[in-house]
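Only one structure is covered here, and it is reproduced in the block below.
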Amino acid sequence: MSQSTDLPWELLNTEVDVIIIGAGATGGVVARELGTAGLKVVLMEAGPHWEVSRDFVSDELHMRKTAWQARRLTAGNDPPELGHNISGFGVGGGTLHFTAVVPRFFPSDFQLETREGVGADWPVTYEDLVPYWQALERDLPVAGPKYYPWGGFQGPYPYPQRDPIAATQQILHIGCDRLGIRSAGAPLAILSAPYNDRPPCTNRGFCAQGCLPNAKFSTLIHHIPQAIKAGVELRTGCMVNRVLCGPDDRVEGISFLFNGQEYRQKARVVVVCASAIETPRLLLMSANGRHPQGLANRSGLVGRYFMLHSGHEVIARFPYEVLPYKGTPITMTTQEFYETPADGSRVRGFSIHAHGSRPLAFMSAVFKAKRIWGKDLREVARDYNYFARLTLVGEVLPSASNTITLSTEKDRYGLPAPLVTFSYGENDKNVITAGVRTCKQILEAAGGRVEFVSPDTSHMLGGCRMGSDPQTSVVDQWGRSHDHPNLFIADTALFVTSGASNPTITAMALAWRTADYIKEEFRQGNL
Amino acid sequence: MMVGTVYPGFDVMVQSPHWDRNTRHLIEARLQPPGPAQFFSPPEIALLEAVLGRLLDELDSTLLQRVAGQIDSYLFNNQQNGDHKSGLPPTGDLLRKGLHLLEANAVLLFQRPFLQLTPLEMDELLGKVQRGEVNWQGIPPGEFFRKITGIGIDFFFSQPEIWSEIGFAGPAYPRGYYRLETGLKDPWEPISDPEREDARVAAGLGPARRLE
Ligand SMILES: Cc1cc2nc3c(=O)[nH]c(=O)nc-3n(C[C@H](O)[C@H](O)[C@H](O)COP(=O)(O)OP(=O)(O)OC[C@H]3O[C@@H](n4cnc5c(N)ncnc54)[C@H](O)[C@@H]3O)c2cc1C
Ligand code: SF4
């Protein structure tokens, strides 16, 4: 193994305090928090260090480059599409091209087993996370309504709700009104007024391609520059392929691949923030003689209880031009159907977002819905501007048979490609049926004619769930591995249940809480 | 009756001086004729163009050449999307194999190469492939059909003249949009021709009929 001295990393041959793996949503928060606390931190990122003005353009096709590109295999009854829709690559991770909808999880989300007899309880409660959500809502910052009708937080949000809103968004609002369903402005990590050197949103509609004016929050433009300023060493193009574990079960550092060469880095603490597919995969790849099942895997649960949200798209034709390309893609929402209905027809529920669309997203959904082609497809395209879309965020209950495992195929790094096995359960399907039906009702009430229902998924979660019992969980309430005292997980892999809210602000809140705990443990000399 | 675009006068490229430089260069490059194919062989690329022409209902061969050429260089550069159903070959191999099998099917079914089939015959064969009514070894025909249509959609609907046709106002940085609400338009957005809208409605297309 060569440890050449002309490599760009200062801290390579030292033992640092903390290595963070993954510079995405959660890795950014942990890096800033530990860096500004004065710890010696290295932040590892497989992808490039994007520069917004150089690398971002207003184009759907080109900006797929911000999606994870190494091979992943899918299986199960409902094998998901894992491309641009699911995960990010490079500094900023998923926040580069997320639509920045940031509602909190609901209080009930944390106690599914106690309240509903399904899934499992989280080892943290809603109240535990409140200070972190509050801090993040100011930090990102979040724009939202004065009064938010659902969940544990009724507003007001630090920044005002967006106004005006685009036609697609008005359609959700009008349809809901006519049906007596409450709707509201979605809480967004997108500026409605200037903040430091960032301007408000210009409504160009390309959030899922990365924001050019920096109106939308990402860790690329927010947490990571602050982390670097605090002295965190960011290493890009570095794919971590193994967490190294000593005979005393303490982790000693990592090995990683850079330009095809393997290097090592020692650290007192390792925090994995590589996302719900890559985190379990990395732990499985780190198997050694003492831990043939992989690290942190005494329970056998690493890679199990992987979840996605159901994300069906319902598309309707309107009597007027909707011009779905304009405006922030998601600005209006209803979370009216989030929890278990009184009639017992399903457990848990869904959120519905109005969702603008650019041509590729629209045409792919149309094709997926009806598999039409030729003249039929082309004629729908010519009517693109008359269509509005609603998107479901449906809760998916945790299932031990939805998994991340290692396949026998290799990815571009020569590492075993992860195999994602996913099938919906009965209740998940009931949630989808009810969600799609409600989307249709809303669109019809607003004057539309529903023509396409396209199955889709979003938001990967779970695979290293937290819990208080080492037999039934991978990490404790602080994200600390039950098996290795100095190994932490702080990303979306922790999730015990999926909720029906977009998960990122909750993941970042958990990550921040873990960072606070690590700081305290260092202060007390425990790490 | 054939009813085309409702935006006959709209050309999204007229707005390109208002786009940021990187976006403008990228989209202008997309309008250039393709270089020689690097991933596909010349017969394969000709076949791909013909198939795309049917899948996307497009007759303009220079446009189809550009689309096929851009798919070719995408596959050549191995820009994968990191997503892959277990048991399927990589996208490029899947497409190449599928095109060869399609050609073999054309000869089997019509005793002529695919390129010499009538549009109706091409569609008949493609329909069989979509429905899995062909006997293919090694790759599932339905998966091939889905992949080639999906990739065709991605590259075809990324062409500026298609944006103009469907009335997508295109890249919008740094300018953005100001008039967002129903019925409002910024001056640079496409303006639909009411007669063509009516013609589309008469053909069962266009805006939904207004309900009471
Ligand atoms: C199109 C789209 C829209 C979305 N919209 C929303 C939304 O509106 N609201 C919301 O809440 N969420 C949204 N999400 C989800 C959101 O992006 C994720 O929840 C979030 O980014 C997950 O955070 P993370 O830190 O777990 O992982 P990521 O943000 O994905 O970060 C993981 C990082 O780790 C890197 N990495 C992985 N493995 C390794 C390794 N072995 N070595 C080194 N680096 C590695 C990756 O390159 C990546 O940068 C959206 C996602 C997509 C794709
Ligand atoms: S819609 Fe607004 S926030 Fe989204 S990318 Fe455009 S300017 Fe940025």
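Residue numbers start at 1 in each chain; chains themselves are named A, B, ... in the order of the structure tokens; ligands are numbered from 1 in the order shown.
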
Please return, as a PDB file with N, CA, C and O atoms, in the first residue's frame, all residues of chain A lying within 6 Å of chain B when only C-alpha atoms are considered.
ATOM      1  N   VAL A  57     -26.202  23.087 -14.652  1.00  0.00           N
ATOM      2  CA  VAL A  57     -26.887  23.718 -15.780  1.00  0.00           C
ATOM      3  C   VAL A  57     -28.388  23.469 -15.628  1.00  0.00           C
ATOM      4  O   VAL A  57     -28.806  22.637 -14.823  1.00  0.00           O
ATOM      5  N   SER A  58     -29.174  24.180 -16.431  1.00  0.00           N
ATOM      6  CA  SER A  58     -30.627  23.998 -16.385  1.00  0.00           C
ATOM      7  C   SER A  58     -31.020  22.926 -17.387  1.00  0.00           C
ATOM      8  O   SER A  58     -31.574  23.223 -18.434  1.00  0.00           O
ATOM      9  N   TRP A  68     -26.060   8.855  -7.978  1.00  0.00           N
ATOM     10  CA  TRP A  68     -25.107   7.760  -7.748  1.00  0.00           C
ATOM     11  C   TRP A  68     -24.993   6.928  -9.019  1.00  0.00           C
ATOM     12  O   TRP A  68     -26.005   6.544  -9.598  1.00  0.00           O
ATOM     13  N   GLN A  69     -23.777   6.671  -9.497  1.00  0.00           N
ATOM     14  CA  GLN A  69     -23.635   6.037 -10.806  1.00  0.00           C
ATOM     15  C   GLN A  69     -23.081   4.621 -10.788  1.00  0.00           C
ATOM     16  O   GLN A  69     -23.207   3.896 -11.766  1.00  0.00           O
ATOM     17  N   ALA A  70     -22.450   4.238  -9.709  1.00  0.00           N
ATOM     18  CA  ALA A  70     -21.914   2.878  -9.670  1.00  0.00           C
ATOM     19  C   ALA A  70     -23.067   1.882  -9.642  1.00  0.00           C
ATOM     20  O   ALA A  70     -24.162   2.201  -9.187  1.00  0.00           O
ATOM     21  N   ARG A  71     -22.787   0.694 -10.132  1.00  0.00           N
ATOM     22  CA  ARG A  71     -23.844  -0.287 -10.329  1.00  0.00           C
ATOM     23  C   ARG A  71     -24.545  -0.695  -9.034  1.00  0.00           C
ATOM     24  O   ARG A  71     -23.909  -0.926  -8.012  1.00  0.00           O
ATOM     25  N   ARG A  72     -25.851  -0.784  -9.127  1.00  0.00           N
ATOM     26  CA  ARG A  72     -26.656  -1.348  -8.048  1.00  0.00           C
ATOM     27  C   ARG A  72     -27.660  -2.294  -8.673  1.00  0.00           C
ATOM     28  O   ARG A  72     -28.221  -1.977  -9.725  1.00  0.00           O
ATOM     29  N   LEU A  73     -27.898  -3.415  -8.044  1.00  0.00           N
ATOM     30  CA  LEU A  73     -28.849  -4.372  -8.592  1.00  0.00           C
ATOM     31  C   LEU A  73     -30.140  -4.333  -7.792  1.00  0.00           C
ATOM     32  O   LEU A  73     -30.124  -4.047  -6.598  1.00  0.00           O
ATOM     33  N   THR A  74     -31.229  -4.610  -8.468  1.00  0.00           N
ATOM     34  CA  THR A  74     -32.513  -4.610  -7.778  1.00  0.00           C
ATOM     35  C   THR A  74     -33.242  -5.933  -8.002  1.00  0.00           C
ATOM     36  O   THR A  74     -33.067  -6.576  -9.030  1.00  0.00           O
ATOM     37  N   ALA A  75     -34.042  -6.306  -7.025  1.00  0.00           N
ATOM     38  CA  ALA A  75     -34.829  -7.542  -7.106  1.00  0.00           C
ATOM     39  C   ALA A  75     -36.065  -7.376  -6.241  1.00  0.00           C
ATOM     40  O   ALA A  75     -36.306  -6.311  -5.678  1.00  0.00           O
ATOM     41  N   LEU A  82     -33.480   3.093  -9.114  1.00  0.00           N
ATOM     42  CA  LEU A  82     -32.581   3.717  -8.138  1.00  0.00           C
ATOM     43  C   LEU A  82     -31.757   4.854  -8.727  1.00  0.00           C
ATOM     44  O   LEU A  82     -30.770   5.273  -8.155  1.00  0.00           O
ATOM     45  N   GLY A  83     -32.117   5.342  -9.869  1.00  0.00           N
ATOM     46  CA  GLY A  83     -31.299   6.368 -10.522  1.00  0.00           C
ATOM     47  C   GLY A  83     -31.418   7.717  -9.838  1.00  0.00           C
ATOM     48  O   GLY A  83     -31.413   7.832  -8.612  1.00  0.00           O
ATOM     49  N   ALA A 166     -47.451  28.544  -8.356  1.00  0.00           N
ATOM     50  CA  ALA A 166     -47.733  28.210  -9.754  1.00  0.00           C
ATOM     51  C   ALA A 166     -49.057  27.454  -9.891  1.00  0.00           C
ATOM     52  O   ALA A 166     -49.600  26.932  -8.915  1.00  0.00           O
ATOM     53  N   ALA A 167     -49.528  27.385 -11.141  1.00  0.00           N
ATOM     54  CA  ALA A 167     -50.842  26.793 -11.420  1.00  0.00           C
ATOM     55  C   ALA A 167     -50.980  25.371 -10.880  1.00  0.00           C
ATOM     56  O   ALA A 167     -52.008  25.023 -10.295  1.00  0.00           O
ATOM     57  N   THR A 202     -36.098  32.020  -7.765  1.00  0.00           N
ATOM     58  CA  THR A 202     -36.581  32.708  -8.962  1.00  0.00           C
ATOM     59  C   THR A 202     -37.623  31.889  -9.721  1.00  0.00           C
ATOM     60  O   THR A 202     -37.946  32.206 -10.861  1.00  0.00           O
ATOM     61  N   ASN A 203     -38.075  30.786  -9.122  1.00  0.00           N
ATOM     62  CA  ASN A 203     -39.152  30.000  -9.741  1.00  0.00           C
ATOM     63  C   ASN A 203     -38.767  29.321 -11.039  1.00  0.00           C
ATOM     64  O   ASN A 203     -39.626  29.071 -11.878  1.00  0.00           O
ATOM     65  N   ARG A 204     -37.488  29.028 -11.204  1.00  0.00           N
ATOM     66  CA  ARG A 204     -37.112  28.428 -12.485  1.00  0.00           C
ATOM     67  C   ARG A 204     -37.499  26.963 -12.584  1.00  0.00           C
ATOM     68  O   ARG A 204     -37.530  26.392 -13.670  1.00  0.00           O
ATOM     69  N   ARG A 317     -55.299  15.871 -17.013  1.00  0.00           N
ATOM     70  CA  ARG A 317     -55.393  16.872 -18.071  1.00  0.00           C
ATOM     71  C   ARG A 317     -56.389  17.954 -17.649  1.00  0.00           C
ATOM     72  O   ARG A 317     -57.449  17.655 -17.101  1.00  0.00           O
ATOM     73  N   PHE A 318     -56.036  19.193 -17.904  1.00  0.00           N
ATOM     74  CA  PHE A 318     -56.892  20.318 -17.510  1.00  0.00           C
ATOM     75  C   PHE A 318     -57.380  21.085 -18.730  1.00  0.00           C
ATOM     76  O   PHE A 318     -56.783  21.000 -19.803  1.00  0.00           O
ATOM     77  N   PRO A 319     -58.452  21.848 -18.547  1.00  0.00           N
ATOM     78  CA  PRO A 319     -59.021  22.588 -19.686  1.00  0.00           C
ATOM     79  C   PRO A 319     -58.220  23.827 -20.047  1.00  0.00           C
ATOM     80  O   PRO A 319     -58.609  24.551 -20.946  1.00  0.00           O
ATOM     81  N   TYR A 320     -57.144  24.067 -19.351  1.00  0.00           N
ATOM     82  CA  TYR A 320     -56.353  25.277 -19.620  1.00  0.00           C
ATOM     83  C   TYR A 320     -54.877  24.935 -19.483  1.00  0.00           C
ATOM     84  O   TYR A 320     -54.519  23.860 -18.995  1.00  0.00           O
ATOM     85  N   LEU A 360     -38.756  15.567 -19.277  1.00  0.00           N
ATOM     86  CA  LEU A 360     -38.315  14.174 -19.097  1.00  0.00           C
ATOM     87  C   LEU A 360     -39.066  13.494 -17.964  1.00  0.00           C
ATOM     88  O   LEU A 360     -39.490  12.340 -18.097  1.00  0.00           O
ATOM     89  N   TRP A 373     -46.462   4.341 -26.809  1.00  0.00           N
ATOM     90  CA  TRP A 373     -45.327   4.784 -27.617  1.00  0.00           C
ATOM     91  C   TRP A 373     -45.828   5.193 -28.987  1.00  0.00           C
ATOM     92  O   TRP A 373     -47.027   5.084 -29.283  1.00  0.00           O
ATOM     93  N   GLY A 374     -44.904   5.659 -29.809  1.00  0.00           N
ATOM     94  CA  GLY A 374     -45.303   6.067 -31.154  1.00  0.00           C
ATOM     95  C   GLY A 374     -46.219   7.285 -31.100  1.00  0.00           C
ATOM     96  O   GLY A 374     -46.054   8.180 -30.276  1.00  0.00           O
ATOM     97  N   LYS A 375     -47.230   7.247 -31.975  1.00  0.00           N
ATOM     98  CA  LYS A 375     -48.114   8.400 -32.109  1.00  0.00           C
ATOM     99  C   LYS A 375     -48.814   8.756 -30.783  1.00  0.00           C
ATOM    100  O   LYS A 375     -48.942   9.930 -30.436  1.00  0.00           O
ATOM    101  N   ARG A 382     -47.412  16.588 -26.951  1.00  0.00           N
ATOM    102  CA  ARG A 382     -47.880  17.874 -27.508  1.00  0.00           C
ATOM    103  C   ARG A 382     -48.892  18.538 -26.597  1.00  0.00           C
ATOM    104  O   ARG A 382     -49.178  19.713 -26.723  1.00  0.00           O
ATOM    105  N   ASP A 383     -49.443  17.758 -25.664  1.00  0.00           N
ATOM    106  CA  ASP A 383     -50.389  18.331 -24.703  1.00  0.00           C
ATOM    107  C   ASP A 383     -49.757  18.536 -23.322  1.00  0.00           C
ATOM    108  O   ASP A 383     -50.464  18.795 -22.342  1.00  0.00           O
ATOM    109  N   TYR A 386     -50.947  21.009 -20.646  1.00  0.00           N
ATOM    110  CA  TYR A 386     -52.282  20.953 -20.032  1.00  0.00           C
ATOM    111  C   TYR A 386     -52.333  20.036 -18.813  1.00  0.00           C
ATOM    112  O   TYR A 386     -53.391  19.860 -18.216  1.00  0.00           O
TER     113      TYR A 386
END

Write down as a VMD selection string the residues of region 50-180 of chain A whose backbone DSSP state falls under strand (DSSP E or B).
chain A and resid 67 73 to 75 88 101 111 121 143 159

What would the file look like if the residues just selected were written as a tab-separated table (two decimals), in the first residue's frame with C-alpha atoms?
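In the end it all went to selection05.tsv:
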chain	number	residue	atom	x	y	z
A	67	ALA	CA	-27.03	10.71	-9.16
A	73	LEU	CA	-28.85	-4.37	-8.59
A	74	THR	CA	-32.51	-4.61	-7.78
A	75	ALA	CA	-34.83	-7.54	-7.11
A	88	GLY	CA	-27.02	11.75	-4.75
A	101	VAL	CA	-39.66	19.70	1.14
A	111	GLN	CA	-44.19	4.83	18.48
A	121	ASP	CA	-40.84	1.98	18.32
A	143	ALA	CA	-39.85	28.92	4.67
A	159	TYR	CA	-39.22	32.44	6.72

Can you write out as a Markdown table which residues of chain A fall within 9 Å of ligand 2, alongside each residue's closest atom pair and its distance in Å to one decimal, counting only C-alpha atoms and all ligand atoms and ordering rows by chain and ascending residue number?
| residue | atom | partner | partner_atom_place_in_ligand_line | distance |
| --- | --- | --- | --- | --- |
| A:Ser58 | CA | ligand 2 | 5 (S) | 8.7 |
| A:His97 | CA | ligand 2 | 5 (S) | 8.5 |
| A:Thr99 | CA | ligand 2 | 4 (Fe) | 7.2 |
| A:Ala100 | CA | ligand 2 | 3 (S) | 8.1 |
| A:Ala189 | CA | ligand 2 | 3 (S) | 8.3 |
| A:Ile190 | CA | ligand 2 | 3 (S) | 5.4 |
| A:Leu191 | CA | ligand 2 | 3 (S) | 7.2 |
| A:Pro199 | CA | ligand 2 | 7 (S) | 8.9 |
| A:Pro200 | CA | ligand 2 | 7 (S) | 7.4 |
| A:Cys201 | CA | ligand 2 | 2 (Fe) | 3.8 |
| A:Thr202 | CA | ligand 2 | 7 (S) | 4.5 |
| A:Asn203 | CA | ligand 2 | 1 (S) | 4.2 |
| A:Arg204 | CA | ligand 2 | 6 (Fe) | 4.2 |
| A:Gly205 | CA | ligand 2 | 1 (S) | 3.8 |
| A:Phe206 | CA | ligand 2 | 5 (S) | 4.3 |
| A:Cys207 | CA | ligand 2 | 5 (S) | 3.5 |
| A:Ala208 | CA | ligand 2 | 5 (S) | 7.0 |
| A:Gln209 | CA | ligand 2 | 5 (S) | 7.0 |
| A:Gly210 | CA | ligand 2 | 5 (S) | 5.8 |
| A:Cys211 | CA | ligand 2 | 5 (S) | 3.6 |
| A:Leu212 | CA | ligand 2 | 8 (Fe) | 6.0 |
| A:Pro213 | CA | ligand 2 | 7 (S) | 5.8 |
| A:Asn214 | CA | ligand 2 | 8 (Fe) | 6.1 |
| A:Ala215 | CA | ligand 2 | 3 (S) | 4.9 |
| A:Lys216 | CA | ligand 2 | 3 (S) | 4.2 |
| A:Phe217 | CA | ligand 2 | 3 (S) | 7.9 |
| A:Lys326 | CA | ligand 2 | 1 (S) | 8.0 |
| A:Gly327 | CA | ligand 2 | 1 (S) | 5.6 |
| A:Thr328 | CA | ligand 2 | 1 (S) | 3.9 |
| A:Pro329 | CA | ligand 2 | 1 (S) | 6.5 |
| A:Ile330 | CA | ligand 2 | 1 (S) | 8.9 |

Quick one, how far is CA of Thr91 (chain B) from CA of Pro140 (chain B)?
12.7 Å

Please build the interface table for chain A against ligand 1 with a cut-off of 7 Å, listing for each qualifying residue the nearest atom pair and the distance in Å to one decimal; count only C-alpha atoms and all ligand atoms, order rows by chain and increasing number, and write it as a tab-separated table.
residue	atom	partner	partner_atom_place_in_ligand_line	distance
A:Ile21	CA	ligand 1	43 (C)	5.3
A:Gly22	CA	ligand 1	34 (O)	3.2
A:Ala23	CA	ligand 1	49 (O)	4.9
A:Gly24	CA	ligand 1	31 (O)	3.3
A:Ala25	CA	ligand 1	25 (O)	3.9
A:Thr26	CA	ligand 1	25 (O)	3.8
A:Gly27	CA	ligand 1	25 (O)	5.6
A:Met44	CA	ligand 1	43 (C)	5.2
A:Glu45	CA	ligand 1	44 (N)	3.8
A:Ala46	CA	ligand 1	44 (N)	3.8
A:Gly47	CA	ligand 1	47 (O)	5.1
A:Trp68	CA	ligand 1	47 (O)	6.5
A:His84	CA	ligand 1	53 (C)	5.6
A:Asn85	CA	ligand 1	53 (C)	4.2
A:Ile86	CA	ligand 1	53 (C)	3.8
A:Ser87	CA	ligand 1	53 (C)	4.4
A:Gly88	CA	ligand 1	30 (O)	4.7
A:Phe89	CA	ligand 1	47 (O)	3.7
A:Gly90	CA	ligand 1	49 (O)	4.5
A:Val91	CA	ligand 1	49 (O)	5.4
A:Gly92	CA	ligand 1	49 (O)	5.8
A:Gly93	CA	ligand 1	49 (O)	3.3
A:Gly94	CA	ligand 1	21 (O)	3.3
A:Thr95	CA	ligand 1	17 (O)	4.9
A:His97	CA	ligand 1	1 (C)	5.5
A:Phe98	CA	ligand 1	4 (C)	3.4
A:Thr99	CA	ligand 1	8 (O)	3.7
A:Ala100	CA	ligand 1	8 (O)	3.9
A:Val101	CA	ligand 1	8 (O)	3.7
A:Val102	CA	ligand 1	11 (O)	5.0
A:Ala208	CA	ligand 1	1 (C)	5.3
A:Cys238	CA	ligand 1	43 (C)	5.7
A:Met239	CA	ligand 1	42 (N)	3.8
A:Val240	CA	ligand 1	42 (N)	3.8
A:Asn241	CA	ligand 1	41 (N)	5.7
A:Cys273	CA	ligand 1	25 (O)	5.3
A:Ala274	CA	ligand 1	34 (O)	3.7
A:Ser275	CA	ligand 1	26 (O)	3.6
A:Ala276	CA	ligand 1	26 (O)	6.0
A:Glu278	CA	ligand 1	38 (N)	4.8
A:Thr279	CA	ligand 1	38 (N)	6.7
A:Leu282	CA	ligand 1	41 (N)	6.1
A:Ser458	CA	ligand 1	51 (C)	6.7
A:His459	CA	ligand 1	15 (C)	4.9
A:Met460	CA	ligand 1	19 (O)	6.7
A:Asp491	CA	ligand 1	26 (O)	4.1
A:Thr492	CA	ligand 1	26 (O)	4.1
A:Ala493	CA	ligand 1	26 (O)	6.5
A:Asn502	CA	ligand 1	11 (O)	3.8
A:Pro503	CA	ligand 1	11 (O)	4.2
A:Thr504	CA	ligand 1	11 (O)	3.6
A:Ile505	CA	ligand 1	11 (O)	5.8
A:Ala507	CA	ligand 1	23 (O)	6.9

List the spatial neighbours of Ser61 (chain B) as number ranges by chain - criterion: any atom at most 12 Å away, only C-alpha atoms, same-chain residues fewer than 6 positions off excluded.
B: 33, 46, 48-54, 67-69

Can I get the selection written as a compact mmCIF listing (two decimals), in the first residue's frame, with C-alpha atoms?
# COMPACT_ATOMS: atom_id res chain seq x y z
CA PRO B 33 -24.75 16.68 -36.10
CA ALA B 46 -29.10 2.85 -38.53
CA LEU B 48 -31.48 2.36 -33.70
CA GLU B 49 -32.53 5.45 -35.68
CA ALA B 50 -35.30 3.56 -37.40
CA VAL B 51 -36.58 2.08 -34.15
CA LEU B 52 -36.51 5.48 -32.44
CA GLY B 53 -38.39 6.95 -35.36
CA ARG B 54 -41.25 4.54 -34.71
CA VAL B 67 -30.68 11.53 -30.91
CA ALA B 68 -29.12 8.18 -31.83
CA GLY B 69 -25.66 9.76 -31.87

Secondary structure check, alpha helix (DSSP H) residues of region 4-43 of chain B, as a tab-separated table (two decimals) with all heavy atoms, in the first residue's frame:
chain	number	residue	atom	x	y	z
B	21	ARG	N	-24.24	30.78	-19.54
B	21	ARG	CA	-23.33	30.35	-20.59
B	21	ARG	C	-23.22	28.82	-20.68
B	21	ARG	O	-23.30	28.24	-21.77
B	21	ARG	CB	-21.95	30.97	-20.33
B	21	ARG	CG	-21.17	31.23	-21.58
B	21	ARG	CD	-19.90	32.02	-21.26
B	21	ARG	NE	-18.75	31.17	-21.46
B	21	ARG	CZ	-17.97	30.72	-20.47
B	21	ARG	NH1	-18.21	31.03	-19.22
B	21	ARG	NH2	-16.94	29.96	-20.75
B	22	ASN	N	-23.04	28.17	-19.55
B	22	ASN	CA	-22.85	26.71	-19.58
B	22	ASN	C	-24.05	26.00	-20.17
B	22	ASN	O	-23.92	25.08	-20.97
B	22	ASN	CB	-22.58	26.17	-18.17
B	22	ASN	CG	-21.23	26.62	-17.65
B	22	ASN	OD1	-20.37	27.03	-18.41
B	22	ASN	ND2	-21.07	26.57	-16.34
B	23	THR	N	-25.23	26.43	-19.74
B	23	THR	CA	-26.44	25.81	-20.27
B	23	THR	C	-26.55	26.06	-21.78
B	23	THR	O	-26.84	25.16	-22.55
B	23	THR	CB	-27.69	26.35	-19.55
B	23	THR	OG1	-27.56	26.10	-18.16
B	23	THR	CG2	-28.96	25.69	-20.06
B	24	ARG	N	-26.28	27.29	-22.18
B	24	ARG	CA	-26.39	27.62	-23.61
B	24	ARG	C	-25.45	26.75	-24.43
B	24	ARG	O	-25.85	26.16	-25.44
B	24	ARG	CB	-26.10	29.10	-23.82
B	24	ARG	CG	-26.50	29.59	-25.20
B	24	ARG	CD	-26.40	31.10	-25.33
B	24	ARG	NE	-25.05	31.58	-25.21
B	24	ARG	CZ	-24.60	32.36	-24.23
B	24	ARG	NH1	-25.41	32.76	-23.27
B	24	ARG	NH2	-23.34	32.74	-24.19
B	25	HIS	N	-24.23	26.63	-23.98
B	25	HIS	CA	-23.27	25.81	-24.74
B	25	HIS	C	-23.71	24.36	-24.82
B	25	HIS	O	-23.61	23.72	-25.86
B	25	HIS	CB	-21.87	25.92	-24.11
B	25	HIS	CG	-21.25	27.25	-24.35
B	25	HIS	ND1	-20.07	27.66	-23.75
B	25	HIS	CD2	-21.64	28.30	-25.12
B	25	HIS	CE1	-19.78	28.89	-24.14
B	25	HIS	NE2	-20.72	29.30	-24.97
B	26	LEU	N	-24.19	23.87	-23.71
B	26	LEU	CA	-24.64	22.47	-23.68
B	26	LEU	C	-25.77	22.24	-24.68
B	26	LEU	O	-25.75	21.27	-25.46
B	26	LEU	CB	-25.12	22.11	-22.27
B	26	LEU	CG	-25.67	20.71	-22.10
B	26	LEU	CD1	-24.54	19.72	-21.90
B	26	LEU	CD2	-26.64	20.64	-20.93
B	27	ILE	N	-26.74	23.13	-24.70
B	27	ILE	CA	-27.91	22.92	-25.57
B	27	ILE	C	-27.52	23.18	-27.03
B	27	ILE	O	-27.99	22.47	-27.93
B	27	ILE	CB	-29.09	23.81	-25.13
B	27	ILE	CG1	-29.40	23.60	-23.64
B	27	ILE	CG2	-30.33	23.53	-25.98
B	27	ILE	CD1	-29.68	22.19	-23.22
B	28	GLU	N	-26.66	24.15	-27.26
B	28	GLU	CA	-26.21	24.38	-28.64
B	28	GLU	C	-25.46	23.17	-29.18
B	28	GLU	O	-25.64	22.78	-30.34
B	28	GLU	CB	-25.33	25.64	-28.71
B	28	GLU	CG	-26.17	26.91	-28.67
B	28	GLU	CD	-25.32	28.18	-28.47
B	28	GLU	OE1	-24.09	28.07	-28.26
B	28	GLU	OE2	-25.93	29.28	-28.49
B	29	ALA	N	-24.66	22.54	-28.32
B	29	ALA	CA	-23.92	21.35	-28.76
B	29	ALA	C	-24.88	20.22	-29.12
B	29	ALA	O	-24.61	19.41	-30.01
B	29	ALA	CB	-22.97	20.89	-27.66
B	30	ARG	N	-26.02	20.18	-28.44
B	30	ARG	CA	-27.00	19.14	-28.70
B	30	ARG	C	-27.59	19.26	-30.10
B	30	ARG	O	-28.14	18.32	-30.65
B	30	ARG	CB	-28.11	19.25	-27.65
B	30	ARG	CG	-28.69	17.97	-27.23
B	30	ARG	CD	-29.56	18.14	-26.01
B	30	ARG	NE	-28.85	17.81	-24.79
B	30	ARG	CZ	-29.30	18.10	-23.57
B	30	ARG	NH1	-30.46	18.71	-23.41
B	30	ARG	NH2	-28.60	17.76	-22.51
B	42	PRO	N	-22.07	0.93	-37.56
B	42	PRO	CA	-22.96	1.68	-38.46
B	42	PRO	C	-24.31	0.99	-38.71
B	42	PRO	O	-25.35	1.65	-38.64
B	42	PRO	CB	-22.13	1.83	-39.74
B	42	PRO	CG	-20.71	1.77	-39.26
B	42	PRO	CD	-20.70	0.84	-38.08
B	43	PRO	N	-24.36	-0.32	-38.96
B	43	PRO	CA	-25.69	-0.92	-39.13
B	43	PRO	C	-26.54	-0.84	-37.86
B	43	PRO	O	-27.76	-0.62	-37.93
B	43	PRO	CB	-25.40	-2.39	-39.48
B	43	PRO	CG	-23.96	-2.49	-39.74
B	43	PRO	CD	-23.27	-1.28	-39.21

Identify, on the basis of only C-alpha atoms, every residue whose closest approach to Glu124 (chain B) does not exceed 12 Å; exclude the query and any residue fewer than 3 positions from it along the same chain; express the result as a compact mmCIF listing (two decimals) with C-alpha atoms, in the first residue's frame.
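Written out: out37.txt:
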# COMPACT_ATOMS: atom_id res chain seq x y z
CA GLY A 374 -45.30 6.07 -31.15
CA VAL B 51 -36.58 2.08 -34.15
CA ARG B 54 -41.25 4.54 -34.71
CA LEU B 55 -41.16 4.72 -30.92
CA LEU B 102 -35.04 -7.48 -33.65
CA ASN B 105 -37.12 -11.28 -36.12
CA ALA B 106 -37.74 -8.99 -39.07
CA LEU B 109 -41.38 -12.67 -39.87
CA PHE B 110 -41.27 -10.61 -43.06
CA PHE B 114 -35.93 -4.21 -40.43
CA LEU B 117 -40.15 -2.94 -43.48
CA THR B 118 -43.08 -0.59 -43.88
CA PRO B 119 -43.86 1.58 -40.84
CA LEU B 120 -46.85 -0.63 -40.11
CA GLU B 121 -44.73 -3.77 -40.19
CA GLY B 127 -45.55 -4.40 -30.50
CA LYS B 128 -44.69 -8.09 -30.38
CA VAL B 129 -41.40 -7.26 -28.68
CA GLN B 130 -43.15 -5.07 -26.14
CA ARG B 131 -45.67 -7.80 -25.34
CA GLU B 133 -44.42 -12.35 -28.20
CA VAL B 134 -41.03 -13.08 -29.71
